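As provided, structure_21.cif (mmCIF, C-alpha atoms) reads as follows.
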data_structure
#
loop_
_atom_site.label_atom_id
_atom_site.label_comp_id
_atom_site.auth_asym_id
_atom_site.auth_seq_id
_atom_site.Cartn_x
_atom_site.Cartn_y
_atom_site.Cartn_z
CA MET A 1 153.69 164.55 165.73
CA VAL A 2 150.89 162.66 164.05
CA ARG A 3 151.17 161.26 160.55
CA LYS A 4 147.77 161.43 158.92
CA SER A 5 146.40 159.12 156.27
CA ARG A 6 146.22 160.36 152.70
CA GLY A 7 142.47 160.65 152.89
CA ASP A 8 142.61 162.85 155.99
CA ARG A 9 145.36 164.97 154.45
CA LYS A 10 143.26 165.39 151.32
CA SER A 11 140.18 166.65 153.14
CA ASP A 12 142.27 168.87 155.41
CA CYS A 13 144.18 170.35 152.49
CA GLU A 14 140.96 171.06 150.64
CA LEU A 15 139.57 172.92 153.62
CA VAL A 16 142.16 175.66 153.74
CA THR A 17 143.14 175.95 150.11
CA ARG A 18 139.62 176.84 149.08
CA GLY A 19 139.85 179.77 151.45
CA PHE A 20 142.63 181.27 149.37
CA GLY A 21 141.17 180.43 146.03
CA ALA A 22 143.77 177.80 145.18
CA GLN A 23 142.40 175.38 142.69
CA LYS A 24 142.70 171.65 142.54
CA HIS A 25 145.37 170.66 140.14
CA ARG A 26 145.59 166.99 139.47
CA GLU A 27 149.14 166.21 138.44
CA CYS A 28 149.69 162.81 137.02
CA MET A 29 152.88 161.26 135.91
CA PRO A 30 154.55 163.53 133.37
CA GLN A 31 153.17 163.04 129.91
CA ASN A 32 154.26 164.36 126.57
CA GLY A 33 152.08 166.57 124.38
CA PHE A 34 149.29 169.03 124.95
CA GLN A 35 147.05 168.47 127.95
CA LEU A 36 143.80 170.39 128.13
CA GLN A 37 143.64 170.12 131.91
CA ALA A 38 147.04 171.73 132.18
CA LEU A 39 145.89 174.63 129.98
CA LEU A 40 142.72 175.06 132.02
CA HIS A 41 144.79 175.25 135.17
CA TRP A 42 146.82 178.10 133.70
CA LEU A 43 143.58 179.85 132.68
CA ARG A 44 141.59 179.10 135.84
CA LEU A 45 141.10 182.79 136.64
CA LEU A 46 138.77 182.98 133.66
CA PHE A 47 136.47 180.54 135.48
CA PRO A 48 136.11 182.00 138.99
CA LYS A 49 134.69 179.97 141.85
CA TRP A 50 134.24 182.71 144.49
CA ASN A 51 134.83 180.42 147.49
CA PHE A 52 136.33 182.85 149.98
CA PHE A 53 137.32 181.81 153.48
CA ASP A 54 134.61 179.21 153.48
CA ARG A 55 136.30 177.03 156.05
CA PRO A 56 138.82 177.87 158.73
CA GLY A 57 140.91 174.79 158.13
CA LEU A 58 144.53 173.97 158.45
CA SER A 59 147.40 176.35 158.66
CA PHE A 60 150.66 175.23 157.12
CA SER A 61 154.23 176.04 158.02
CA LEU A 62 157.42 175.50 156.05
CA TRP A 63 160.55 174.37 157.91
CA THR A 64 164.12 173.89 156.70
CA ARG A 65 167.37 172.43 157.97
CA SER A 66 170.82 171.98 156.52
CA SER A 67 171.03 168.24 157.17
CA HIS A 68 169.20 165.44 158.93
CA LEU A 69 171.73 165.76 161.75
CA GLU A 70 170.56 169.26 162.59
CA ASP A 71 167.41 170.56 164.17
CA TRP A 72 164.73 172.12 162.05
CA LYS A 73 164.97 175.90 161.96
CA SER A 74 162.02 178.10 162.86
CA PRO A 75 159.37 178.01 160.18
CA LEU A 76 159.45 180.52 157.40
CA SER A 77 157.46 183.55 158.45
CA PHE A 78 155.13 185.40 156.10
CA LYS A 79 154.12 188.02 158.63
CA GLN A 80 154.14 191.56 157.34
CA PRO A 81 154.00 194.86 159.22
CA ARG A 82 151.21 197.26 158.51
CA ARG A 83 152.51 200.06 156.29
CA PHE A 84 151.15 203.46 155.56
CA GLY A 85 149.71 203.65 152.08
CA SER A 86 149.34 199.89 151.77
CA LEU A 87 145.78 200.31 150.55
CA PHE A 88 147.28 201.63 147.33
CA PHE A 89 150.67 199.90 147.21
CA ASN A 90 151.27 196.64 149.07
CA PRO A 91 153.65 194.48 147.01
CA ARG A 92 155.43 192.78 149.92
CA LEU A 93 152.21 191.55 151.45
CA ASN A 94 150.79 190.40 148.12
CA GLN A 95 154.02 188.54 147.45
CA ALA A 96 153.86 186.95 150.91
CA LEU A 97 150.31 185.80 150.21
CA ALA A 98 151.38 184.34 146.87
CA GLN A 99 154.25 182.53 148.55
CA LYS A 100 151.98 181.21 151.27
CA THR A 101 149.64 179.90 148.61
CA LEU A 102 152.52 177.86 147.17
CA ILE A 103 152.59 175.76 150.32
CA GLU A 104 148.86 175.17 150.19
CA GLN A 105 148.96 174.38 146.48
CA PHE A 106 151.66 171.75 146.99
CA CYS A 107 149.71 170.16 149.82
CA LEU A 108 146.62 170.06 147.65
CA ASP A 109 148.57 168.61 144.72
CA LEU A 110 149.99 165.95 147.01
CA ALA A 111 146.60 165.11 148.44
CA GLU A 112 144.86 165.06 145.07
CA SER A 113 147.44 163.08 143.16
CA ASP A 114 147.96 159.35 143.34
CA LEU A 115 151.58 159.83 144.25
CA ASP A 116 153.08 158.12 147.26
CA PRO A 117 154.66 160.82 149.48
CA ASN A 118 157.48 158.39 150.15
CA ASP A 119 158.27 158.33 146.45
CA LYS A 120 160.22 161.53 146.74
CA GLY A 121 161.82 161.26 143.33
CA VAL A 122 158.42 161.64 141.70
CA VAL A 123 156.81 164.01 144.21
CA GLU A 124 159.71 166.42 143.94
CA GLN A 125 159.18 166.72 140.19
CA LEU A 126 155.83 168.42 140.77
CA ALA A 127 155.89 172.05 139.64
CA SER A 128 154.37 173.12 142.93
CA PHE A 129 157.17 171.36 144.81
CA ARG A 130 159.87 172.93 142.65
CA MET A 131 158.49 176.38 143.38
CA LEU A 132 158.16 175.50 147.05
CA SER A 133 161.77 174.36 147.24
CA SER A 134 162.85 177.61 145.58
CA LEU A 135 160.89 179.48 148.23
CA ALA A 136 162.47 177.42 150.99
CA ARG A 137 165.90 177.96 149.47
CA LEU A 138 165.39 181.71 149.63
CA GLY A 139 164.33 181.55 153.25
CA HIS A 140 166.96 179.06 154.36
CA ASP A 141 169.72 181.02 155.98
CA SER A 142 172.82 179.01 156.76
CA PRO A 143 176.49 180.04 156.60
CA GLU A 144 177.73 177.17 154.42
CA PRO A 145 174.89 175.16 153.07
CA THR A 146 175.45 172.66 150.32
CA ALA A 147 172.12 170.98 150.71
CA PHE A 148 169.02 171.40 152.77
CA GLN A 149 165.79 169.71 153.57
CA LEU A 150 162.31 171.10 153.88
CA LYS A 151 159.22 169.87 155.59
CA ILE A 152 155.64 171.03 155.72
CA VAL A 153 153.71 170.84 158.94
CA GLY A 154 149.99 171.24 159.22
CA GLN A 155 148.25 172.55 162.29
CA ARG A 156 144.61 172.55 163.18
CA LYS A 157 143.48 173.71 166.61
CA ASN A 158 145.75 171.79 168.97
CA GLU A 159 146.76 169.11 166.52
CA THR A 160 150.05 169.25 164.64
CA PHE A 161 151.07 166.78 161.98
CA GLU A 162 153.74 166.41 159.35
CA ILE A 163 152.57 166.51 155.77
CA TYR A 164 155.81 166.08 153.86
CA GLU A 165 159.54 165.87 154.49
CA SER A 166 161.79 166.25 151.48
CA SER A 167 164.94 164.52 150.43
CA ASN A 168 168.22 166.47 150.46
CA LEU A 169 167.80 169.39 148.10
CA VAL A 170 170.63 171.24 146.44
CA SER A 171 171.25 174.75 147.70
CA GLU A 172 172.58 177.47 145.44
CA LYS A 173 175.00 178.54 148.14
CA GLN A 174 177.94 176.23 147.61
CA MET B 1 123.08 205.82 138.28
CA SER B 2 122.91 206.08 134.51
CA PRO B 3 124.68 203.57 132.28
CA GLU B 4 126.86 206.30 130.82
CA LEU B 5 128.07 207.38 134.23
CA ALA B 6 128.58 203.78 135.36
CA VAL B 7 130.70 203.01 132.29
CA PHE B 8 132.66 206.23 132.75
CA LEU B 9 133.43 205.46 136.39
CA THR B 10 134.20 201.79 135.80
CA THR B 11 136.58 202.43 132.90
CA ARG B 12 138.49 205.18 134.65
CA PHE B 13 138.60 203.41 137.97
CA LEU B 14 139.68 200.11 136.44
CA GLY B 15 142.41 201.81 134.43
CA LEU B 16 143.75 203.36 137.62
CA VAL B 17 143.57 200.07 139.53
CA LEU B 18 145.46 198.18 136.83
CA SER B 19 148.08 200.91 136.71
CA MET B 20 148.53 200.60 140.47
CA GLN B 21 148.85 196.83 140.16
CA ALA B 22 151.44 197.29 137.44
CA ILE B 23 153.55 199.44 139.74
CA GLU B 24 153.35 196.73 142.39
CA MET B 25 154.45 194.14 139.85
CA LEU B 26 157.36 196.26 138.68
CA TRP B 27 158.50 196.66 142.27
CA LEU B 28 158.26 192.90 142.80
CA SER B 29 160.21 192.19 139.63
CA ARG B 30 162.99 194.55 140.71
CA ALA B 31 163.01 193.05 144.22
CA GLY B 32 163.97 189.73 142.66
CA ALA B 33 162.13 187.04 144.61
CA ILE B 34 159.62 186.27 141.89
CA SER B 35 162.37 185.47 139.40
CA LYS B 36 163.73 182.86 141.82
CA ILE B 37 160.48 181.08 142.61
CA TRP B 38 158.15 181.36 139.63
CA THR B 39 160.82 180.45 137.12
CA TYR B 40 160.67 178.97 133.65
CA GLU B 41 162.77 176.06 134.86
CA ASN B 42 160.37 175.26 137.70
CA LEU B 43 157.38 175.41 135.38
CA ARG B 44 158.88 174.04 132.18
CA ASP B 45 156.91 170.77 132.27
CA GLU B 46 153.62 172.58 132.89
CA ILE B 47 154.37 175.07 130.12
CA GLN B 48 155.07 172.27 127.69
CA LYS B 49 151.82 170.54 128.60
CA ALA B 50 149.67 173.66 128.26
CA PHE B 51 151.46 175.73 125.63
CA PRO B 52 153.40 173.29 123.46
CA PHE B 53 153.58 175.76 120.55
CA LEU B 54 154.12 178.89 122.59
CA GLU B 55 157.24 178.00 124.49
CA GLY B 56 159.15 180.81 122.85
CA MET B 57 156.61 183.38 124.00
CA MET B 58 156.55 181.92 127.47
CA LYS B 59 160.34 182.08 127.71
CA ILE B 60 160.13 185.79 126.92
CA LEU B 61 157.35 186.25 129.49
CA PHE B 62 159.43 184.49 132.14
CA SER B 63 162.49 186.63 131.40
CA LYS B 64 162.91 189.71 133.55
CA LYS B 65 162.89 192.12 130.61
CA GLY B 66 159.94 190.42 128.97
CA PHE B 67 157.85 190.46 132.12
CA GLU B 68 158.69 194.05 132.93
CA ALA B 69 157.79 195.06 129.38
CA VAL B 70 154.33 193.56 129.89
CA VAL B 71 154.00 195.28 133.25
CA ILE B 72 155.07 198.66 131.90
CA LEU B 73 152.68 198.22 128.98
CA GLN B 74 149.84 197.59 131.45
CA PHE B 75 150.78 200.73 133.35
CA LEU B 76 150.80 202.86 130.21
CA ILE B 77 147.53 201.48 128.87
CA GLY B 78 145.98 201.85 132.31
CA MET B 79 146.97 205.50 132.50
CA MET B 80 145.66 206.13 128.98
CA THR B 81 142.41 204.49 129.99
CA LEU B 82 142.22 206.73 133.03
CA LEU B 83 142.58 209.78 130.80
CA LEU B 84 140.68 208.74 127.68
CA GLY B 85 138.50 205.79 128.68
CA GLN B 86 138.48 204.22 125.22
CA GLY B 87 137.06 200.71 125.14
CA PHE B 88 139.70 199.19 122.90
CA PHE B 89 142.33 199.90 125.56
CA PHE B 90 140.73 197.10 127.52
CA ILE B 91 141.73 194.58 124.89
CA GLY B 92 145.28 195.46 125.81
CA LEU B 93 144.53 195.38 129.51
CA PHE B 94 142.88 191.96 129.19
CA CYS B 95 146.02 190.66 127.49
CA THR B 96 148.47 192.19 129.96
CA HIS B 97 146.45 191.03 132.97
CA LEU B 98 146.33 187.52 131.53
CA LEU B 99 150.06 187.48 130.77
CA ILE B 100 150.95 188.73 134.23
CA ASN B 101 148.90 185.98 135.83
CA LEU B 102 150.36 183.38 133.49
CA ARG B 103 153.74 184.49 134.79
CA PHE B 104 152.59 183.23 138.19
CA PHE B 105 151.35 179.86 136.96
CA GLY B 106 147.85 181.13 136.41
CA SER B 107 147.18 183.38 139.38
CA PHE B 108 148.98 185.86 141.55
CA ASN B 109 146.32 187.07 143.94
CA GLY B 110 143.45 184.66 143.35
CA GLY B 111 139.96 186.10 143.61
CA SER B 112 140.87 189.71 142.93
CA ASP B 113 142.53 188.72 139.67
CA SER B 114 139.36 186.87 138.67
CA MET B 115 137.22 189.91 139.42
CA VAL B 116 139.49 192.09 137.31
CA PHE B 117 138.92 189.72 134.38
CA VAL B 118 135.17 190.03 134.95
CA LEU B 119 135.42 193.82 135.01
CA VAL B 120 137.57 194.03 131.90
CA THR B 121 135.26 191.67 130.02
CA GLY B 122 132.20 193.65 131.08
CA VAL B 123 133.78 196.91 130.02
CA LEU B 124 134.70 195.41 126.65
CA ILE B 125 131.09 194.36 126.12
CA SER B 126 129.90 197.84 127.07
CA THR B 127 132.34 199.90 125.05
CA LEU B 128 133.79 198.09 122.04
CA VAL B 129 130.73 198.61 119.85
CA PRO B 130 128.71 201.79 120.49
CA SER B 131 125.29 200.53 121.43
CA PRO B 132 123.00 201.44 124.36
CA GLU B 133 121.95 197.80 124.67
CA LEU B 134 125.52 196.51 124.79
CA GLU B 135 126.43 199.25 127.21
CA LYS B 136 123.80 197.96 129.62
CA LEU B 137 124.65 194.33 128.88
CA GLY B 138 128.26 194.78 129.93
CA LEU B 139 127.22 196.41 133.18
CA ILE B 140 124.71 193.65 133.85
CA TYR B 141 127.45 191.09 133.19
CA ILE B 142 129.64 192.70 135.86
CA THR B 143 126.68 192.94 138.24
CA ILE B 144 125.76 189.29 137.92
CA HIS B 145 129.30 188.13 138.61
CA ALA B 146 129.78 190.53 141.50
CA LEU B 147 126.52 189.55 143.17
CA ILE B 148 127.25 185.86 142.66
CA SER B 149 130.66 186.37 144.26
CA TYR B 150 129.08 187.85 147.37
CA PHE B 151 126.20 185.41 147.56
CA LYS B 152 128.21 182.28 146.90
CA ALA B 153 130.83 183.31 149.43
CA GLY B 154 128.07 183.70 152.00
CA LEU B 155 126.38 180.47 151.02
CA VAL B 156 129.47 178.32 151.46
CA LYS B 157 130.24 180.06 154.75
CA VAL B 158 126.80 179.63 156.31
CA THR B 159 127.03 175.87 155.88
CA GLN B 160 130.10 175.79 158.12
CA PRO B 161 129.55 175.55 161.90
CA GLU B 162 132.65 177.67 162.55
CA TRP B 163 130.99 180.59 160.82
CA ARG B 164 127.63 180.06 162.48
CA ASN B 165 129.20 179.89 165.96
CA GLY B 166 131.55 182.81 165.32
CA THR B 167 134.90 181.04 165.70
CA ALA B 168 135.84 181.35 162.03
CA LEU B 169 136.74 185.02 162.18
CA SER B 170 139.17 184.51 165.03
CA THR B 171 140.80 181.66 163.12
CA PHE B 172 141.25 183.68 159.96
CA LEU B 173 142.51 186.70 161.89
CA SER B 174 145.12 184.54 163.60
CA GLN B 175 146.25 183.09 160.25
CA SER B 176 146.59 186.49 158.61
CA VAL B 177 149.95 187.77 157.42
CA TYR B 178 149.27 190.75 159.67
CA ASP B 179 149.79 190.40 163.38
CA ASN B 180 146.23 190.56 164.68
CA GLY B 181 147.17 189.43 168.18
CA PRO B 182 146.08 192.66 169.93
CA ILE B 183 142.74 192.59 168.11
CA LEU B 184 142.16 188.97 169.04
CA ALA B 185 143.15 189.57 172.66
CA ARG B 186 140.78 192.51 172.95
CA LEU B 187 137.94 190.51 171.41
CA LYS B 188 138.55 187.63 173.77
CA ASN B 189 138.91 189.70 176.94
CA HIS B 190 136.41 192.50 176.43
CA TYR B 191 134.07 191.71 173.55
CA SER B 192 133.56 187.98 173.62
CA LEU B 193 130.30 188.17 171.68
CA MET B 194 131.76 190.36 168.95
CA PRO B 195 133.15 187.50 166.78
CA LEU B 196 129.69 185.93 166.69
CA ILE B 197 128.02 189.25 165.87
CA LEU B 198 130.59 190.06 163.19
CA ALA B 199 130.37 186.60 161.66
CA TRP B 200 126.60 186.86 161.29
CA THR B 201 126.94 190.40 159.97
CA VAL B 202 129.20 189.06 157.24
CA LEU B 203 126.86 186.16 156.51
CA LEU B 204 123.75 188.32 156.29
CA PHE B 205 125.55 190.96 154.22
CA GLU B 206 126.81 188.43 151.67
CA LEU B 207 123.64 186.35 151.52
CA GLY B 208 121.46 189.43 151.28
CA MET B 209 123.46 190.99 148.48
CA PRO B 210 121.12 189.95 145.62
CA THR B 211 118.39 192.07 147.20
CA VAL B 212 120.39 195.17 146.33
CA LEU B 213 118.88 194.98 142.85
CA PHE B 214 115.39 195.51 144.22
CA SER B 215 116.14 197.95 146.98
CA GLY B 216 115.88 201.19 145.01
CA ASN B 217 117.76 204.00 146.69
CA TYR B 218 118.74 201.66 149.51
CA ALA B 219 121.29 200.22 147.08
CA TRP B 220 123.52 203.10 148.12
CA ILE B 221 123.33 201.86 151.71
CA TYR B 222 124.52 198.47 150.49
CA PHE B 223 127.35 200.27 148.73
CA GLY B 224 128.35 201.93 151.99
CA MET B 225 128.27 198.57 153.74
CA ALA B 226 130.41 197.08 150.98
CA ILE B 227 133.00 199.80 151.47
CA LEU B 228 133.11 199.00 155.19
CA PHE B 229 133.21 195.26 154.52
CA HIS B 230 136.09 195.32 152.06
CA PHE B 231 137.99 197.97 153.99
CA SER B 232 137.76 195.84 157.14
CA ILE B 233 139.15 192.89 155.21
CA TYR B 234 142.00 195.08 154.02
CA LEU B 235 142.72 196.34 157.56
CA THR B 236 142.80 192.86 159.11
CA LEU B 237 144.10 190.70 156.27
CA GLY B 238 145.90 193.21 154.05
CA LEU B 239 143.92 192.38 150.92
CA ASN B 240 144.19 195.75 149.20
CA ARG B 241 143.66 194.33 145.70
CA PHE B 242 140.34 192.81 146.74
CA PHE B 243 139.17 196.18 148.00
CA TRP B 244 139.80 197.94 144.70
CA ALA B 245 138.57 195.11 142.49
CA TRP B 246 135.19 194.92 144.20
CA MET B 247 134.83 198.68 144.47
CA CYS B 248 135.20 198.81 140.68
CA SER B 249 132.13 196.59 140.36
CA TRP B 250 129.80 198.88 142.28
CA PRO B 251 129.02 201.45 139.57
CA ALA B 252 127.67 198.55 137.53
CA ILE B 253 125.66 197.20 140.46
CA LEU B 254 124.15 200.59 141.27
CA CYS B 255 123.32 201.21 137.61
CA THR B 256 121.65 197.81 137.26
CA ALA B 257 119.62 198.46 140.40
CA SER B 258 118.49 201.78 138.88
CA LEU B 259 117.51 200.09 135.63
CA ILE B 260 115.44 197.51 137.46
CA GLN B 261 113.74 200.20 139.56
CA LYS B 262 112.68 201.95 136.36
#
Whole structure given in structure tokens:
Amino acid sequence: MVRKSRGDRKSDCELVTRGFGAQKHRECMPQNGFQLQALLHWLRLLFPKWNFFDRPGLSFSLWTRSSHLEDWKSPLSFKQPRRFGSLFFNPRLNQALAQKTLIEQFCLDLAESDLDPNDKGVVEQLASFRMLSSLARLGHDSPEPTAFQLKIVGQRKNETFEIYESSNLVSEKQ
Amino acid sequence: MSPELAVFLTTRFLGLVLSMQAIEMLWLSRAGAISKIWTYENLRDEIQKAFPFLEGMMKILFSKKGFEAVVILQFLIGMMTLLLGQGFFFIGLFCTHLLINLRFFGSFNGGSDSMVFVLVTGVLISTLVPSPELEKLGLIYITIHALISYFKAGLVKVTQPEWRNGTALSTFLSQSVYDNGPILARLKNHYSLMPLILAWTVLLFELGMPTVLFSGNYAWIYFGMAILFHFSIYLTLGLNRFFWAWMCSWPAILCTASLIQK
């Protein structure tokens, strides 16, 4: 598995996230008080960019394991079956798309920020990471987990590379 | 298409679409996953940065009962809009749509949510104050945004070699949440030129969209192509919300094309 430089990860992350409309969200060290940029991020739908599927870039996968002594489980799947009537009512698929976007948003946040991916204590305070870990926690199926790890792997054509591996995260199943 | 008919269709259609979306949201809320991922605790820092004086309201929005109240309100207003079509209902729909997206840290479904905001804003311009000029202005507002969305999407695609050589479609089909393996296998084994043809069809359709305003009755042919285009995206990628959001924009586009022809 190849570890890419931050610059390569940044350009790769930008390629795919624009296809799903995810916006850049520069997260700095936590600051107190009102931040206009934070408000604009919440209201970004009011300022559409209309960049749809402009580049077939990376695909991301989310893996989990109960401890560093175990193998990584199969990546979380977002595949959905085709259902009759889904043109009118398709909540599971729309939820899967929203969950998939969480992975891309975290990758973009990581690439865009000045944070060192090895500084897990800071990286794992990002809102996008917290949501991602909640997603991973939901998908992590283990009989007696007390903690788990997640990692994000990027793939482009025949190249696979690790984007982020977390510290031990607390599982709700204790 | 006359402005009156375009406004009538857009208001009714949009009310129905937002009611349908509300039902989806209610289902998702009851299913439970969204209350474990998009939580107040996960987003507390971002809420405090953006809404330092509205934390109380945001706590209510992030509660299950609070969120479902907003969703049910959107459904009810949407249904009333479908029946009565009154412009001031769209003030409520603008607020509920905004609140629902805030619940998801700004966006649930991306581009389709943006287009709904465009539609609601355009309808508000057209209907809040009775005026023939404002009625047309709101429709033109929707038209401009819709045509820009098509054209810009085509413009950024045509600069990418993967789109020009036809490999982009296969990539996106393989990354879809639907299993498009059989489609991809058939394209590869029997219709190897089809990805290239389809890619250029998409590019020409999107880039050529601004010409719909000057095409007279041929605008209806563009409308037919748009139905096929968005329906194909729904079939292969599952994007049902995109289909309905962009379909809602077409009465405005057809009306604007008629106005220009006159």
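Nearest to Trp38 in chain B of all the residues A:Ala147, A:Ala38, A:Leu135, A:Val123 is A:Leu135, based on all atoms listed in the file.
Coordinates place CA of Ile227 in chain B at a distance of 15.0 Å from CA of Phe88 in chain A.
Among the candidates A:Arg92, A:Lys49, A:Arg137, A:Lys79, the residue lying nearest to chain B is A:Lys79 (atoms considered: all atoms listed in the file).
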* To do: Would you write out, as a PyMOL selection string, every residue that the PyMOL selection byres ((chain B) within 6 of (chain A)) captures in this file?
  => chain B and resi 24+37+42-43+49-50+105-106+110+114+149+153+156-157+168+177-178+240
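CA of Leu169 in chain B lies 13.1 Å from CA of Ala185 in chain B.
Nearest to Phe151 in chain B of all the residues B:Met209, B:Leu16, B:Leu98, B:Leu173 is B:Met209, counting only C-alpha atoms.
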